[in-house]
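Chemist: The following file, run21.cif, comprises mmCIF, C-alpha atoms and all ligand atoms:
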```cif
data_work
loop_
_atom_site.label_atom_id
_atom_site.label_comp_id
_atom_site.auth_asym_id
_atom_site.auth_seq_id
_atom_site.Cartn_x
_atom_site.Cartn_y
_atom_site.Cartn_z
CA MET R 549 -249.03 -170.58 -206.46
CA ASP R 550 -247.14 -173.78 -207.14
CA GLN R 551 -246.77 -175.45 -203.77
CA ASN R 552 -243.72 -177.37 -204.92
CA LYS R 553 -241.79 -174.14 -205.01
CA ILE R 554 -242.02 -173.66 -201.24
CA PRO R 555 -238.84 -175.02 -199.63
CA GLN R 556 -239.43 -177.89 -197.21
CA ALA R 557 -238.10 -175.93 -194.23
CA THR R 558 -240.64 -173.18 -194.97
CA ALA R 559 -243.44 -175.69 -195.45
CA LYS R 560 -242.72 -177.14 -192.01
CA ARG R 561 -243.32 -173.73 -190.43
CA LEU R 562 -246.68 -173.27 -192.18
CA PRO R 563 -248.83 -174.84 -189.43
CA LEU R 564 -247.07 -172.69 -186.84
CA TYR R 565 -247.78 -169.51 -188.80
CA TYR R 566 -251.31 -170.64 -189.46
CA ARG R 567 -252.12 -171.25 -185.80
CA PHE R 568 -250.73 -167.91 -184.69
CA LEU R 569 -252.41 -165.88 -187.43
CA ASN R 570 -255.71 -167.63 -186.77
CA ASN R 571 -255.53 -166.43 -183.16
CA LEU R 572 -254.73 -162.89 -184.28
CA ASN R 573 -257.66 -162.96 -186.68
CA GLN R 574 -260.00 -164.12 -183.93
CA GLN R 575 -258.82 -161.17 -181.83
CA GLY R 576 -259.79 -158.91 -184.73
CA LYS R 577 -256.23 -157.94 -185.73
CA LYS R 578 -255.86 -156.93 -189.37
CA ARG R 579 -252.10 -156.57 -189.64
CA VAL R 580 -249.02 -158.08 -188.09
CA SER R 581 -245.36 -157.16 -188.36
CA SER R 582 -242.57 -159.67 -188.83
CA LYS R 583 -241.17 -158.49 -185.48
CA GLU R 584 -244.42 -159.33 -183.65
CA LEU R 585 -244.54 -162.72 -185.34
CA SER R 586 -240.91 -163.33 -184.56
CA ASP R 587 -241.36 -162.56 -180.85
CA ALA R 588 -244.42 -164.76 -180.63
CA ILE R 589 -243.30 -167.86 -182.49
CA LYS R 590 -239.55 -167.60 -181.95
CA VAL R 591 -238.53 -167.67 -185.58
CA ASP R 592 -236.16 -164.87 -186.56
CA SER R 593 -237.75 -162.08 -188.57
CA ALA R 594 -235.44 -162.46 -191.59
CA THR R 595 -236.64 -166.08 -191.93
CA ILE R 596 -240.25 -164.96 -191.59
CA ARG R 597 -239.83 -162.32 -194.30
CA ARG R 598 -238.21 -164.85 -196.62
CA ASP R 599 -240.92 -167.45 -195.91
CA PHE R 600 -243.70 -164.95 -196.49
CA SER R 601 -242.22 -163.84 -199.80
CA TYR R 602 -242.79 -167.43 -200.98
CA PHE R 603 -246.43 -167.01 -200.00
CA GLY R 604 -246.71 -163.93 -202.20
CA ALA R 605 -247.11 -161.73 -199.12
CA LEU R 606 -245.08 -158.58 -199.20
CA GLY R 607 -244.89 -156.77 -195.88
CA LYS R 608 -244.91 -152.99 -196.08
CA LYS R 609 -242.56 -151.07 -193.80
CA GLY R 610 -244.44 -149.70 -190.82
CA TYR R 611 -247.58 -151.50 -191.95
CA GLY R 612 -246.86 -155.19 -191.66
CA TYR R 613 -248.58 -158.14 -193.29
CA ASN R 614 -252.24 -158.48 -194.08
CA VAL R 615 -253.55 -161.17 -191.71
CA GLU R 616 -256.56 -162.05 -193.83
CA TYR R 617 -254.51 -162.51 -197.00
CA LEU R 618 -252.05 -164.81 -195.21
CA LEU R 619 -254.82 -166.84 -193.61
CA GLY R 620 -256.46 -167.34 -196.99
CA PHE R 621 -253.17 -168.55 -198.40
CA PHE R 622 -252.51 -170.93 -195.48
CA ARG R 623 -256.02 -172.38 -195.62
CA LYS R 624 -255.61 -173.17 -199.28
CA THR R 625 -252.10 -174.54 -198.89
CA LEU R 626 -252.77 -176.59 -195.78
CA ASP R 627 -256.07 -177.91 -197.19
CA GLN R 628 -257.89 -176.81 -194.06
CA ASP R 629 -261.20 -177.73 -195.63
CA GLU R 630 -260.14 -181.29 -196.21
CA LEU R 631 -260.11 -183.62 -193.19
CA THR R 632 -257.25 -186.11 -193.04
CA GLU R 633 -258.19 -189.16 -191.04
CA VAL R 634 -255.47 -190.67 -188.89
CA ALA R 635 -255.07 -194.06 -187.16
CA LEU R 636 -253.17 -194.48 -183.89
CA ILE R 637 -251.35 -197.70 -183.16
CA GLY R 638 -250.42 -198.58 -179.58
CA VAL R 639 -252.85 -197.41 -176.90
CA GLY R 640 -250.40 -197.19 -173.97
CA ASN R 641 -249.79 -194.09 -171.85
CA LEU R 642 -248.74 -191.85 -174.72
CA GLY R 643 -251.27 -193.27 -177.19
CA THR R 644 -254.11 -192.82 -174.68
CA ALA R 645 -253.08 -189.21 -174.11
CA PHE R 646 -253.19 -188.56 -177.86
CA LEU R 647 -256.65 -190.10 -178.13
CA HIS R 648 -257.93 -187.72 -175.47
CA TYR R 649 -256.12 -184.76 -176.98
CA ASN R 650 -257.01 -185.69 -180.56
CA PHE R 651 -255.60 -182.52 -182.11
CA LEU R 652 -258.99 -180.85 -181.72
CA LYS R 653 -257.55 -177.44 -182.42
CA ASN R 654 -256.44 -178.59 -185.87
CA ASN R 655 -259.62 -178.82 -187.81
CA ASN R 656 -258.03 -180.76 -190.63
CA THR R 657 -256.68 -183.84 -188.84
CA LYS R 658 -258.50 -186.31 -186.64
CA ILE R 659 -257.69 -189.69 -185.12
CA VAL R 660 -260.62 -191.82 -186.20
CA MET R 661 -259.48 -195.26 -185.01
CA ALA R 662 -256.87 -196.90 -182.81
CA PHE R 663 -255.32 -200.36 -182.59
CA ASP R 664 -253.70 -202.34 -179.80
CA ALA R 665 -252.43 -205.88 -179.31
CA ASP R 666 -254.01 -206.11 -175.86
CA GLN R 667 -257.35 -207.95 -176.01
CA ALA R 668 -258.51 -206.03 -172.94
CA LYS R 669 -258.14 -202.71 -174.79
CA ALA R 670 -259.72 -203.86 -178.04
CA GLY R 671 -263.42 -203.05 -178.21
CA SER R 672 -263.10 -200.01 -175.97
CA ASP R 673 -263.65 -196.40 -176.83
CA ILE R 674 -261.19 -193.76 -175.66
CA GLY R 675 -262.02 -190.09 -176.08
CA GLY R 676 -264.65 -191.07 -178.63
CA VAL R 677 -262.18 -193.09 -180.71
CA PRO R 678 -262.85 -196.82 -181.20
CA VAL R 679 -259.97 -199.14 -180.30
CA TYR R 680 -259.65 -202.32 -182.39
CA HIS R 681 -257.40 -205.34 -182.06
CA ILE R 682 -254.23 -205.06 -184.14
CA ASP R 683 -255.28 -208.20 -186.04
CA GLU R 684 -257.97 -206.05 -187.64
CA LEU R 685 -255.50 -203.45 -188.92
CA GLU R 686 -255.73 -204.31 -192.62
CA GLU R 687 -259.49 -204.72 -192.73
CA ARG R 688 -260.26 -201.53 -190.75
CA MET R 689 -257.80 -199.00 -192.15
CA GLY R 690 -259.69 -198.47 -195.42
CA ASN R 691 -258.80 -195.04 -196.77
CA VAL R 692 -256.82 -193.93 -193.73
CA SER R 693 -253.39 -192.98 -195.04
CA VAL R 694 -251.65 -191.56 -191.98
CA ALA R 695 -250.66 -193.43 -188.81
CA ILE R 696 -249.28 -192.38 -185.44
CA LEU R 697 -247.00 -195.03 -183.92
CA THR R 698 -246.96 -195.27 -180.14
CA VAL R 699 -246.10 -198.97 -179.80
CA PRO R 700 -243.03 -200.31 -177.93
CA ALA R 701 -239.81 -199.74 -179.92
CA ASP R 702 -239.33 -203.36 -180.98
CA GLU R 703 -242.85 -203.48 -182.45
CA ALA R 704 -242.33 -200.40 -184.60
CA GLN R 705 -240.72 -202.08 -187.63
CA PRO R 706 -243.07 -205.08 -187.88
CA ILE R 707 -246.10 -202.76 -187.65
CA THR R 708 -244.53 -200.42 -190.22
CA ASN R 709 -244.08 -203.33 -192.63
CA ARG R 710 -247.76 -204.16 -192.32
CA LEU R 711 -248.74 -200.52 -192.87
CA ALA R 712 -246.48 -200.29 -195.93
CA ASP R 713 -248.22 -203.27 -197.49
CA PHE R 714 -251.45 -201.41 -197.99
CA GLY R 715 -250.36 -198.08 -199.34
CA LEU R 716 -250.09 -195.88 -196.28
CA SER R 717 -248.45 -192.53 -197.07
CA GLY R 718 -247.35 -191.02 -193.76
CA ILE R 719 -246.15 -192.16 -190.34
CA LEU R 720 -245.63 -190.00 -187.27
CA ASN R 721 -243.24 -192.16 -185.29
CA PHE R 722 -243.18 -191.53 -181.55
CA THR R 723 -241.18 -194.67 -180.76
CA PRO R 724 -237.41 -194.46 -180.22
CA ALA R 725 -236.92 -196.93 -183.11
CA ARG R 726 -235.57 -195.74 -186.47
CA ILE R 727 -237.89 -197.37 -188.96
CA THR R 728 -237.21 -198.35 -192.56
CA VAL R 729 -239.94 -197.61 -195.08
CA PRO R 730 -240.44 -197.82 -198.86
CA ALA R 731 -239.63 -194.65 -200.80
CA TRP R 732 -243.27 -193.48 -201.04
CA ILE R 733 -243.86 -193.32 -197.28
CA ARG R 734 -242.91 -190.16 -195.44
CA VAL R 735 -241.85 -190.63 -191.81
CA HIS R 736 -241.58 -187.86 -189.26
CA HIS R 737 -239.83 -189.01 -186.14
CA ILE R 738 -240.48 -187.45 -182.74
CA ASP R 739 -238.47 -189.07 -179.96
CA LEU R 740 -239.67 -187.25 -176.86
CA ALA R 741 -236.97 -188.72 -174.59
CA VAL R 742 -234.22 -187.54 -176.95
CA GLU R 743 -235.78 -184.09 -177.22
CA LEU R 744 -235.93 -183.76 -173.45
CA GLN R 745 -232.36 -184.96 -172.98
CA SER R 746 -231.20 -182.60 -175.67
CA LEU R 747 -232.90 -179.67 -173.92
CA VAL R 748 -231.25 -180.58 -170.61
CA TYR R 749 -227.86 -180.94 -172.34
CA PHE R 750 -228.19 -177.53 -173.99
CA LEU R 751 -229.24 -175.92 -170.70
CA LYS R 752 -226.11 -177.32 -169.07
CA HIS R 753 -223.60 -176.66 -171.81
CA TYR R 754 -224.98 -173.65 -173.64
CA PRO R 755 -226.66 -171.58 -170.92
CA LEU R 756 -228.60 -168.60 -172.25
CA GLU R 757 -227.43 -165.11 -171.36
CA GLN R 758 -229.29 -163.73 -168.35
CA ASP R 759 -230.60 -160.72 -170.30
CA GLY R 760 -232.18 -163.02 -172.87
CA SER R 761 -230.08 -161.74 -175.79
P1 LIG O 801 -246.22 -195.72 -173.61
O1 LIG O 801 -244.95 -196.18 -174.25
O2 LIG O 801 -247.18 -195.17 -174.63
O3 LIG O 801 -246.07 -194.87 -172.42
P2 LIG O 801 -246.87 -198.01 -172.02
O4 LIG O 801 -245.65 -197.87 -171.24
O5 LIG O 801 -248.18 -197.96 -171.33
O6 LIG O 801 -247.01 -197.00 -173.18
P3 LIG O 801 -245.82 -199.84 -173.98
O7 LIG O 801 -245.25 -201.11 -173.49
O8 LIG O 801 -244.90 -198.79 -174.50
O9 LIG O 801 -246.80 -199.32 -172.86
O10 LIG O 801 -246.88 -200.19 -175.10
C1 LIG O 801 -247.68 -199.23 -175.70
C2 LIG O 801 -248.96 -199.90 -176.17
O11 LIG O 801 -248.68 -200.63 -177.36
C3 LIG O 801 -249.55 -200.89 -175.16
O12 LIG O 801 -250.92 -200.58 -174.98
C4 LIG O 801 -249.37 -202.24 -175.85
O13 LIG O 801 -250.44 -203.12 -175.55
C5 LIG O 801 -249.39 -201.87 -177.31
N1 LIG O 801 -248.74 -202.82 -178.20
C6 LIG O 801 -247.68 -203.62 -177.97
N2 LIG O 801 -247.36 -204.34 -179.05
C7 LIG O 801 -248.24 -203.99 -180.01
C8 LIG O 801 -248.46 -204.37 -181.36
N3 LIG O 801 -247.70 -205.25 -181.97
N4 LIG O 801 -249.48 -203.79 -182.03
C9 LIG O 801 -250.27 -202.89 -181.44
N5 LIG O 801 -250.13 -202.48 -180.17
C10 LIG O 801 -249.13 -203.02 -179.47
#
```
Using structure tokens, write down the structure from this file.

Modeler:
Amino acid sequence: MDQNKIPQATAKRLPLYYRFLNNLNQQGKKRVSSKELSDAIKVDSATIRRDFSYFGALGKKGYGYNVEYLLGFFRKTLDQDELTEVALIGVGNLGTAFLHYNFLKNNNTKIVMAFDADQAKAGSDIGGVPVYHIDELEERMGNVSVAILTVPADEAQPITNRLADFGLSGILNFTPARITVPAWIRVHHIDLAVELQSLVYFLKHYPLEQDGS
């Protein structure tokens, strides 16, 4: 199937579907209904049915979706067999946590190197990942095409400019800074403080009904 035909919003949910179906498969489940999926991953079942129709998976009433078929599709689409190496820049509190976590449950992404401006951190090894001085960025990055940014906000743009100069293709930006990139670099921005504030705001102003409906 032509991957370009999957809408971006659907594509963003792929890893979520993949993780859940992988768990089901490991538990030996052969079929899953859109209702079960919906309850588990909190995406409404109409959206799930629409998404799955893009994957060529047609759920049968009272039967559900074939878990193995979907997993096969997701593996192909998400290139699970191909490892994407990632660099992390800024080994502070958040960066250190990511190095320890290292997305071990995703078998297709791995942080393989980290950089920091602090001489005391350069040369160390955190969670099995070597930390280099930021001066070595260009010479060390090699084929690594994805970076996680966990530097202070005012360092985000200068570092991004350096990354852009050698053909990086993706940045996962955890800093509060909005960064400007050339057209060929995709940036996904996760501002944890904003997300948390937004949750608290919604809890205050849009309280959920007690019965959960
Ligand atoms: P965090 O924000 O992750 O909780 P922190 O509060 O420990 O971290 P910050 O001041 O946010 O520290 O800095 C994050 C890390 O980024 C630090 O380890 C710092 O040395 C590093 N850093 C600062 N400037 C740069 C830079 N230009 N290049 C690479 N690393 C940098």

Chemist: At a cut-off of 7 Å around ligand LIG 801 (chain O), and using all atoms listed in the file, what residues come up? Please write them as number ranges by chain.

Modeler: R: 637-643, 663-666, 682, 698-700, 703, 707

Chemist: Could you work out an axis-aligned bounding box for all listed atoms of stretch 737-740 of chain R, with 6 Å added on each of the six sides, and give its centre and edge lengths in Å to one decimal, as AutoDock Vina command-line options?

Modeler:
```
--center_x -239.5 --center_y -188.2 --center_z -181.5 --size_x 14.0 --size_y 13.8 --size_z 21.3
```

Chemist: For the interface of stretch 602-668 of chain R with stretch 563-574 of chain R (cut-off 7 Å, counting only C-alpha atoms), please tabulate each contacting residue of stretch 602-668 of chain R alongside its nearest pair of atoms and their separation in Å to one decimal, rows sorted by chain and increasing number, as a Markdown table.

Modeler:
```
| residue | atom | partner | partner_atom | distance |
| --- | --- | --- | --- | --- |
| R:Val615 | CA | R:Leu569 | CA | 6.5 |
| R:Leu619 | CA | R:Tyr566 | CA | 6.6 |
| R:Phe622 | CA | R:Tyr566 | CA | 6.1 |
```

Chemist: Pick out the residues sitting within 10 Å of R:Val692, and hand them over as an NGL selection string; count all atoms listed in the file, and ignore anything fewer than 6 positions along from it in its own chain.

Modeler: :R and (632-635 or 659-661 or 715-718)

Chemist: Can you tell me, as a PyMOL selection string, what residues are no more than 9 Å from stretch 734-747 of chain R when counting only C-alpha atoms, ignoring any on the same chain fewer than 3 positions away?

Modeler: chain R and resi 717-727+729-731+750-752

Chemist: Skipping near chain neighbours, those fewer than 3 positions away, what residues fall within 12 Å of R:Ala594 using all atoms listed in the file, listed as a list in words?

Modeler: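 So the residues in contact are Ser581, Ser582, Lys583, Leu585, Ser586, Lys590, Val591, Arg597, Arg598, Asp599, Phe600, Ser601 and Gly607 of chain R.
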
Chemist: Which distance in Å separates atom CA of R:Phe646 and atom CA of R:Gln705, to one decimal?

Modeler: 20.8 Å

Chemist: Give me, please, the distance in Å between atom CA of R:Phe714 and atom CA of R:Val679, quoted to one decimal.

Modeler: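 Pair atom CA of R:Phe714 / atom CA of R:Val679 returns 19.8 Å.
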